[in-house]
Each structure stands twice: as C-alpha cells, then as structure tokens.
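Undergrad: My structure is stored as start_12.cif, with mmCIF, C-alpha atoms.
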```
data_upload
#
loop_
_atom_site.group_PDB
_atom_site.id
_atom_site.type_symbol
_atom_site.label_atom_id
_atom_site.label_comp_id
_atom_site.auth_asym_id
_atom_site.auth_seq_id
_atom_site.Cartn_x
_atom_site.Cartn_y
_atom_site.Cartn_z
ATOM 1 C CA MET A 1 140.154 114.562 136.413
ATOM 2 C CA ILE A 2 142.705 115.928 138.894
ATOM 3 C CA LEU A 3 142.516 114.480 142.417
ATOM 4 C CA LYS A 4 142.845 116.907 145.306
ATOM 5 C CA VAL A 5 143.065 116.155 148.992
ATOM 6 C CA SER A 6 139.756 116.333 150.791
ATOM 7 C CA SER A 7 139.539 118.515 153.856
ATOM 8 C CA ALA A 8 137.429 115.744 155.361
ATOM 9 C CA SER A 9 140.360 113.295 155.254
ATOM 10 C CA SER A 10 141.128 111.457 158.447
ATOM 11 C CA ASN A 11 144.469 112.113 160.098
ATOM 12 C CA THR A 12 145.182 108.394 160.363
ATOM 13 C CA ASP A 13 146.978 106.363 157.728
ATOM 14 C CA LYS A 14 144.576 103.493 156.966
ATOM 15 C CA LYS A 15 147.259 101.170 155.581
ATOM 16 C CA PHE A 16 149.754 101.432 158.418
ATOM 17 C CA GLY A 17 147.523 102.794 161.191
ATOM 18 C CA GLU A 18 150.067 105.588 161.579
ATOM 19 C CA PRO A 19 148.785 109.102 162.297
ATOM 20 C CA VAL A 20 150.283 111.877 160.204
ATOM 21 C CA SER A 21 151.624 113.376 163.443
ATOM 22 C CA ILE A 22 153.700 110.224 164.081
ATOM 23 C CA ALA A 23 155.186 110.351 160.579
ATOM 24 C CA LEU A 24 156.032 114.002 161.138
ATOM 25 C CA SER A 25 157.678 113.182 164.449
ATOM 26 C CA LYS A 26 159.830 110.515 162.738
ATOM 27 C CA TYR A 27 160.854 112.966 160.035
ATOM 28 C CA GLU A 28 160.660 116.322 161.826
ATOM 29 C CA ASN A 29 161.744 118.248 158.735
ATOM 30 C CA ALA A 30 159.462 116.353 156.316
ATOM 31 C CA GLU A 31 157.647 119.496 155.201
ATOM 32 C CA GLU A 32 160.591 121.929 155.158
ATOM 33 C CA ILE A 33 162.050 123.624 152.105
ATOM 34 C CA SER A 34 165.785 123.319 152.728
ATOM 35 C CA ASN A 35 169.051 121.887 151.479
ATOM 36 C CA GLU A 36 168.645 119.241 154.168
ATOM 37 C CA THR A 37 165.372 117.916 152.681
ATOM 38 C CA GLY A 38 165.983 118.930 149.075
ATOM 39 C CA PHE A 39 162.437 120.242 148.659
ATOM 40 C CA GLN A 40 162.257 123.315 146.449
ATOM 41 C CA VAL A 41 158.529 124.061 146.868
ATOM 42 C CA PRO A 42 156.183 123.877 149.865
ATOM 43 C CA THR A 43 154.516 120.493 150.402
ATOM 44 C CA ARG A 44 152.642 118.809 153.214
ATOM 45 C CA LEU A 45 151.878 115.257 154.330
ATOM 46 C CA GLY A 46 148.344 113.905 154.517
ATOM 47 C CA ILE A 47 146.263 110.835 153.819
ATOM 48 C CA SER A 48 146.338 109.696 150.188
ATOM 49 C CA THR A 49 143.326 110.193 147.962
ATOM 50 C CA ILE A 50 143.865 106.556 146.926
ATOM 51 C CA PRO A 51 141.944 104.243 149.284
ATOM 52 C CA GLU A 52 144.272 102.182 151.514
ATOM 53 C CA ALA A 53 147.397 103.810 150.018
ATOM 54 C CA GLY A 54 148.526 105.366 153.291
ATOM 55 C CA LEU A 55 150.306 108.672 153.642
ATOM 56 C CA ALA A 56 150.977 110.980 150.721
ATOM 57 C CA ARG A 57 152.663 114.280 149.954
ATOM 58 C CA PHE A 58 150.616 117.169 148.583
ATOM 59 C CA LEU A 59 151.645 120.376 146.848
ATOM 60 C CA CYS A 60 150.967 123.595 148.748
ATOM 61 C CA VAL A 61 151.519 125.789 145.671
ATOM 62 C CA ASP A 62 150.847 125.579 141.944
ATOM 63 C CA VAL A 63 153.767 124.346 139.815
ATOM 64 C CA LYS A 64 154.412 124.465 136.089
ATOM 65 C CA LYS A 65 155.585 121.588 133.915
ATOM 66 C CA GLY A 66 159.371 121.287 134.372
ATOM 67 C CA ASP A 67 159.469 122.952 137.801
ATOM 68 C CA ILE A 68 161.796 121.203 140.265
ATOM 69 C CA ILE A 69 159.958 119.836 143.309
ATOM 70 C CA ARG A 70 163.020 118.286 144.949
ATOM 71 C CA LYS A 71 166.768 118.232 144.224
ATOM 72 C CA GLN A 72 169.010 115.654 145.911
ATOM 73 C CA LYS A 73 172.644 114.620 145.624
ATOM 74 C CA LEU A 74 173.497 110.945 145.963
ATOM 75 C CA GLY A 75 175.062 110.421 149.380
ATOM 76 C CA GLY A 76 173.857 113.821 150.596
ATOM 77 C CA PRO A 77 171.733 114.401 153.710
ATOM 78 C CA ASN A 78 168.505 113.424 151.939
ATOM 79 C CA LEU A 79 169.457 110.624 149.524
ATOM 80 C CA ASP A 80 171.016 107.483 150.989
ATOM 81 C CA TYR A 81 172.390 104.714 148.799
ATOM 82 C CA PHE A 82 173.121 101.044 149.330
ATOM 83 C CA ASP A 83 175.094 98.624 147.150
ATOM 84 C CA SER A 84 174.209 95.363 148.928
ATOM 85 C CA VAL A 85 171.976 93.851 151.584
ATOM 86 C CA ALA A 86 174.909 94.094 154.008
ATOM 87 C CA SER A 87 175.140 97.857 153.432
ATOM 88 C CA MET A 88 171.436 98.159 154.383
ATOM 89 C CA GLU A 89 171.961 96.607 157.837
ATOM 90 C CA LYS A 90 172.117 99.806 159.909
ATOM 91 C CA ARG A 91 169.001 101.246 158.241
ATOM 92 C CA LEU A 92 167.188 97.895 158.495
ATOM 93 C CA ASN A 93 167.864 97.810 162.243
ATOM 94 C CA LYS A 94 166.601 101.377 162.617
ATOM 95 C CA ASP A 95 163.593 101.507 160.274
ATOM 96 C CA GLY A 96 162.767 97.890 159.440
ATOM 97 C CA LEU A 97 162.135 96.042 156.197
ATOM 98 C CA SER A 98 158.886 97.902 155.437
ATOM 99 C CA PHE A 99 160.887 101.117 155.060
ATOM 100 C CA PHE A 100 162.730 99.584 152.097
ATOM 101 C CA GLU A 101 159.576 98.004 150.693
ATOM 102 C CA HIS A 102 157.784 101.358 150.592
ATOM 103 C CA PHE A 103 160.636 103.788 149.992
ATOM 104 C CA GLY A 104 163.492 101.847 148.330
ATOM 105 C CA HIS A 105 163.887 102.641 144.645
ATOM 106 C CA VAL A 106 166.497 102.397 141.937
ATOM 107 C CA GLY A 107 167.898 104.944 139.517
ATOM 108 C CA PRO A 108 169.132 104.335 135.974
ATOM 109 C CA GLN A 109 171.192 101.168 135.751
ATOM 110 C CA ASP A 110 172.989 102.350 132.618
ATOM 111 C CA ALA A 111 174.627 105.308 134.405
ATOM 112 C CA PRO A 112 177.911 104.758 136.268
ATOM 113 C CA GLU A 113 176.832 106.961 139.203
ATOM 114 C CA THR A 114 173.728 104.884 140.008
ATOM 115 C CA LYS A 115 174.519 101.430 138.583
ATOM 116 C CA GLY A 116 173.891 98.722 141.186
ATOM 117 C CA LEU A 117 172.603 101.163 143.806
ATOM 118 C CA LEU A 118 169.411 101.201 145.818
ATOM 119 C CA VAL A 119 168.415 104.688 147.005
ATOM 120 C CA THR A 120 166.092 105.987 149.720
ATOM 121 C CA ASN A 121 164.863 109.534 150.286
ATOM 122 C CA PHE A 122 165.169 111.145 153.687
ATOM 123 C CA PRO A 123 162.641 112.288 154.579
ATOM 124 C CA PRO A 124 160.579 109.971 152.358
ATOM 125 C CA LEU A 125 158.877 111.490 149.326
ATOM 126 C CA TYR A 126 155.530 109.756 150.055
ATOM 127 C CA SER A 127 154.530 109.825 146.375
ATOM 128 C CA ASN A 128 152.004 107.315 145.092
ATOM 129 C CA HIS A 129 151.726 105.365 141.841
ATOM 130 C CA CYS A 130 149.758 106.618 138.865
ATOM 131 C CA THR A 131 149.995 106.090 135.107
ATOM 132 C CA GLY A 132 147.092 108.242 133.933
ATOM 133 C CA PRO A 133 146.415 111.962 133.808
ATOM 134 C CA ASN A 134 146.872 112.331 137.590
ATOM 135 C CA LYS A 135 150.602 111.540 137.206
ATOM 136 C CA ASN A 136 152.266 114.874 137.911
ATOM 137 C CA ILE A 137 155.927 114.162 138.777
ATOM 138 C CA GLU A 138 158.848 112.282 137.300
ATOM 139 C CA THR A 139 162.323 111.413 138.477
ATOM 140 C CA VAL A 140 165.223 112.635 136.350
ATOM 141 C CA TRP A 141 168.892 111.937 137.075
ATOM 142 C CA ASP A 142 171.828 114.094 136.005
ATOM 143 C CA GLY A 143 174.910 112.145 137.072
ATOM 144 C CA ASP A 144 174.674 111.814 140.848
ATOM 145 C CA VAL A 145 171.930 114.444 141.221
ATOM 146 C CA LYS A 146 168.300 113.342 141.378
ATOM 147 C CA TYR A 147 165.500 115.731 140.459
ATOM 148 C CA ILE A 148 161.809 115.280 141.131
ATOM 149 C CA ARG A 149 160.140 117.571 138.630
ATOM 150 C CA ALA A 150 156.624 118.360 137.507
ATOM 151 C CA CYS A 151 155.793 116.490 134.281
ATOM 152 C CA ARG A 152 152.712 118.689 133.786
ATOM 153 C CA ASP A 153 151.200 121.790 135.365
ATOM 154 C CA ALA A 154 149.955 120.813 138.837
ATOM 155 C CA PHE A 155 147.989 122.714 141.432
ATOM 156 C CA ALA A 156 148.083 123.330 145.169
ATOM 157 C CA GLY A 157 146.293 120.443 146.923
ATOM 158 C CA GLU A 158 147.308 117.792 144.380
ATOM 159 C CA GLU A 159 148.883 114.587 145.628
ATOM 160 C CA LEU A 160 152.326 113.810 144.200
ATOM 161 C CA MET A 161 151.889 110.917 141.760
ATOM 162 C CA GLU A 162 154.530 109.140 139.702
ATOM 163 C CA ASP A 163 154.818 105.985 137.615
ATOM 164 C CA TYR A 164 156.652 103.433 139.780
ATOM 165 C CA ARG A 165 157.363 101.344 136.663
ATOM 166 C CA ASN A 166 159.971 103.936 135.681
ATOM 167 C CA PHE A 167 162.261 102.962 138.565
ATOM 168 C CA GLY A 168 165.260 100.858 137.585
ATOM 169 C CA LYS A 169 165.406 97.116 138.175
ATOM 170 C CA LEU A 170 167.970 95.899 140.703
ATOM 171 C CA GLU A 171 168.106 92.097 141.033
ATOM 172 C CA TRP A 172 169.778 91.797 144.458
ATOM 173 C CA PHE A 173 167.332 94.244 146.064
ATOM 174 C CA GLU A 174 164.169 92.865 144.462
ATOM 175 C CA GLN A 175 165.205 89.302 145.295
ATOM 176 C CA PHE A 176 165.859 90.280 148.925
ATOM 177 C CA LEU A 177 162.403 91.827 149.309
ATOM 178 C CA LEU A 178 160.617 88.983 147.527
ATOM 179 C CA GLU A 179 162.364 86.435 149.768
ATOM 180 C CA HIS A 180 160.807 88.292 152.725
ATOM 181 C CA ASN A 181 157.316 88.423 151.140
ATOM 182 C CA LYS A 182 157.650 92.140 150.375
ATOM 183 C CA THR A 183 156.901 93.781 147.040
ATOM 184 C CA PRO A 184 159.361 96.292 145.550
ATOM 185 C CA VAL A 185 157.686 99.517 144.382
ATOM 186 C CA ARG A 186 158.702 98.923 140.738
ATOM 187 C CA ILE A 187 156.936 95.552 140.748
ATOM 188 C CA LEU A 188 153.945 97.067 142.585
ATOM 189 C CA GLY A 189 153.676 99.595 139.749
ATOM 190 C CA GLU A 190 153.637 96.777 137.197
ATOM 191 C CA MET A 191 150.987 94.880 139.182
ATOM 192 C CA ILE A 192 148.532 97.779 139.411
ATOM 193 C CA ALA A 193 149.234 99.523 136.075
#
```
Starting from the file, lay out its structure as structure tokens.
TA:
Amino acid sequence: MILKVSSASSNTDKKFGEPVSIALSKYENAEEISNETGFQVPTRLGISTIPEAGLARFLCVDVKKGDIIRKQKLGGPNLDYFDSVASMEKRLNKDGLSFFEHFGHVGPQDAPETKGLLVTNFPPLYSNHCTGPNKNIETVWDGDVKYIRACRDAFAGEELMEDYRNFGKLEWFEQFLLEHNKTPVRILGEMIA
C-alpha cells in the first residue's frame, strides 16, 4: 500500500506544534527547485501521514526508479558539514539541539570525503523513516556529492520515506546527542524498524 497525503490533513505539526507556514518562513526556499536547494523535482511540505511524525516532504510529480530528487555538494549552499561538537556551535546557537536531532545525519564512513563528518541539509529534507514498501528514496554518495534518488517508481502526493538505518554511524555525534537525551536519526531507525 502506498501512503499519500490526505487533503484533510491539518496544517499544524502535531509533534512540534509548528504550523507548516512557520517552517516555510524559516526556510523560505524549502519548496524551490534550484541550485540553492538542490531539489531537482517539485516537492511540497505538509503534515506526515505517520501519526505524530511532524512535518514531511511530498512529491508533486511522479518519479521513476533512479530519478534524482535532490543533488547536493558537501559544503555547498544546501549541505553543511561538521567535524566536531565545537564546529556545530554557530548552528546550535541559531537552530538549537533539536535541529541536529531531527536533521543531522552521517554519510559513508569508509569514504575520505565524508569520514568523520556530520551533515545537515538546508533546507531540511523532511523525509521520514520507513523500511517497507512505502520506502521510496535512498541516499547515494559519489565523492563529495550527495544524491537523494528514487529507489522505486513513486507518485505525486507520496511522502518521501527512507531507511534511517542506512545513515553512517558517527561516535562523537551520537554520544553528544545521547548525553543531551536526544536520539540520533540512525538509532531512531533501529528502534522503530
């Protein structure tokens, strides 16, 4: 069964109490197709089809397996990286710890370009976790370029779903979040798989 966004969805994020309009005001270009965002196909933000999951990103067009949803270059305008807690300080002061809990993820730790690095999307991807047939995207790295691509044919109205367990493990980052009673997305994926 493929989950599609309901037109009856509320415009308020149940988990964070944040209206979609506030998220869009934080990330004014969140729905743009541009080099600045990296999005290659039209998407929109809305309330997740998963109860209490918060905001989500939905496709506005059909895509085929292998189609690129988003292309980002490490260190570019839409893909920040951090190599230590100290390097996160400016972003922590601006966006808070929850930003890293919900949006911090790790690329392949066996590749020299991403080894030891935490990355965050800007604007956030707002994908949610799924391991079953509703999973429709995957992250693929080619050196310092990150691709979000369709791992199956997906249709307009579908929520972007990926397997959080596929993110790399980064000890310093996971330890930092756990010390602050926050759960890294990779561990969240393992908990709810």
Undergrad: Please report the interatomic distance between atom CA of Lys71 of chain A and atom CA of Leu170 of chain A in Å with one decimal.
TA: 22.6 Å
Undergrad: Using all atoms listed in the file for the distances, tell me which of A:Glu32, A:Glu52, A:Asp62, A:Asp95 is nearest to Ala154 of chain A.
TA: A:Asp62
Undergrad: Using the chain letters and numbers from the file, which residues does the PyMOL selection byres ((chain A and resi 139-150) around 7) grab, as a PyMOL selection string?
TA: chain A and resi 64-74+113+136-138+151-153
Undergrad: Using only C-alpha atoms, tabulate the residues of segment 32-117 of chain A lying at most 7 Å from any atom of segment 124-127 of chain A, each with its closest atom pair and that distance in Å to one decimal, by chain and increasing residue number, as CSV.
TA:
```
residue,atom,partner,partner_atom,distance
A:Leu55,CA,A:Tyr126,CA,6.4
A:Ala56,CA,A:Tyr126,CA,4.8
A:Arg57,CA,A:Tyr126,CA,5.4
A:Phe103,CA,A:Pro124,CA,6.6
```
Undergrad: The PyMOL selection byres ((chain A and resi 82) around 6) on the file shown: which residues, as number ranges by chain?
TA: A: 81, 83-84, 87, 117-118
Undergrad: Output C-alpha atoms for every residue in the selection just made, as a PDB file, in the coordinates of the input.
TA:
```pdb
ATOM      1  CA  TYR A  81     172.390 104.714 148.799  1.00  0.00           C
ATOM      2  CA  ASP A  83     175.094  98.624 147.150  1.00  0.00           C
ATOM      3  CA  SER A  84     174.209  95.363 148.928  1.00  0.00           C
ATOM      4  CA  SER A  87     175.140  97.857 153.432  1.00  0.00           C
ATOM      5  CA  LEU A 117     172.603 101.163 143.806  1.00  0.00           C
ATOM      6  CA  LEU A 118     169.411 101.201 145.818  1.00  0.00           C
TER       7      LEU A 118
END
```
Undergrad: Measure the distance from atom CA of Leu59 of chain A to atom CA of Ala156 of chain A in Å and round it to one decimal.
TA: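 A separation of 4.9 Å between them.
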Undergrad: Between A:Pro123, A:Pro51, A:Pro184, A:Gly96, which is the closest to Leu24 of chain A once you count all atoms listed in the file?
TA: A:Pro123
Undergrad: For a quick check of understanding, using only C-alpha atoms, which of A:Ala193, A:Val85, A:Val106, A:Leu188 has the smallest distance to Phe176 of chain A?
TA: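 Among the listed residues, A:Val85 lies closest to Phe176 of chain A.
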Undergrad: So how many Å separate atom CA of Phe58 of chain A and atom CA of Asn128 of chain A, to one decimal?
TA: 10.5 Å
Undergrad: Exactly which residues make up the result of the PyMOL selection byres ((chain A and resi 98) around 12) on this file, given as a VMD selection string?
TA: chain A and resid 16 91 to 97 99 to 104 177 180 to 185
Undergrad: Kindly indicate which residue among A:Pro112, A:Gly38, A:Gly54, A:Gly46 lies nearest to Leu79 of chain A, using only C-alpha atoms for the distances.
TA: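 Counting only C-alpha atoms, the residue closest to Leu79 of chain A is A:Gly38.
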Undergrad: Work out where the centre of an axis-aligned box around every listed atom of segment 59-63 of chain A lies and how long its edges are once 6 Å is added on each side; give both in Å to one decimal as lines of an AutoDock Vina configuration file.
TA:
```
center_x = 152.3
center_y = 123.1
center_z = 144.3
size_x = 14.9
size_y = 17.4
size_z = 20.9
```
Undergrad: Could you check which of A:Lys169, A:Glu159, A:Thr120, A:Glu36 is closest to Asn134 of chain A, using only C-alpha atoms?
TA: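 Smallest distance to Asn134 of chain A is found for A:Glu159.
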Undergrad: Give me, as a PDB file with C-alpha atoms, in the frame of the given file, all polymer residues having an atom no more than 10 Å from Gly189 of chain A, counting all atoms listed in the file and skipping those fewer than 5 positions away in the same chain.
TA:
```pdb
ATOM      1  CA  ASN A 128     152.004 107.315 145.092  1.00  0.00           C
ATOM      2  CA  HIS A 129     151.726 105.365 141.841  1.00  0.00           C
ATOM      3  CA  CYS A 130     149.758 106.618 138.865  1.00  0.00           C
ATOM      4  CA  THR A 131     149.995 106.090 135.107  1.00  0.00           C
ATOM      5  CA  GLU A 162     154.530 109.140 139.702  1.00  0.00           C
ATOM      6  CA  ASP A 163     154.818 105.985 137.615  1.00  0.00           C
ATOM      7  CA  TYR A 164     156.652 103.433 139.780  1.00  0.00           C
ATOM      8  CA  ARG A 165     157.363 101.344 136.663  1.00  0.00           C
ATOM      9  CA  ASN A 166     159.971 103.936 135.681  1.00  0.00           C
ATOM     10  CA  PHE A 167     162.261 102.962 138.565  1.00  0.00           C
ATOM     11  CA  THR A 183     156.901  93.781 147.040  1.00  0.00           C
ATOM     12  CA  PRO A 184     159.361  96.292 145.550  1.00  0.00           C
TER      13      PRO A 184
END
```
Undergrad: Measuring between all atoms listed in the file, which one of A:Ala53, A:Ala30, A:Ile47, A:Cys60 shows the shortest distance to Asn78 of chain A?
TA: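 The shortest atom-to-atom distance to Asn78 of chain A comes from A:Ala30.
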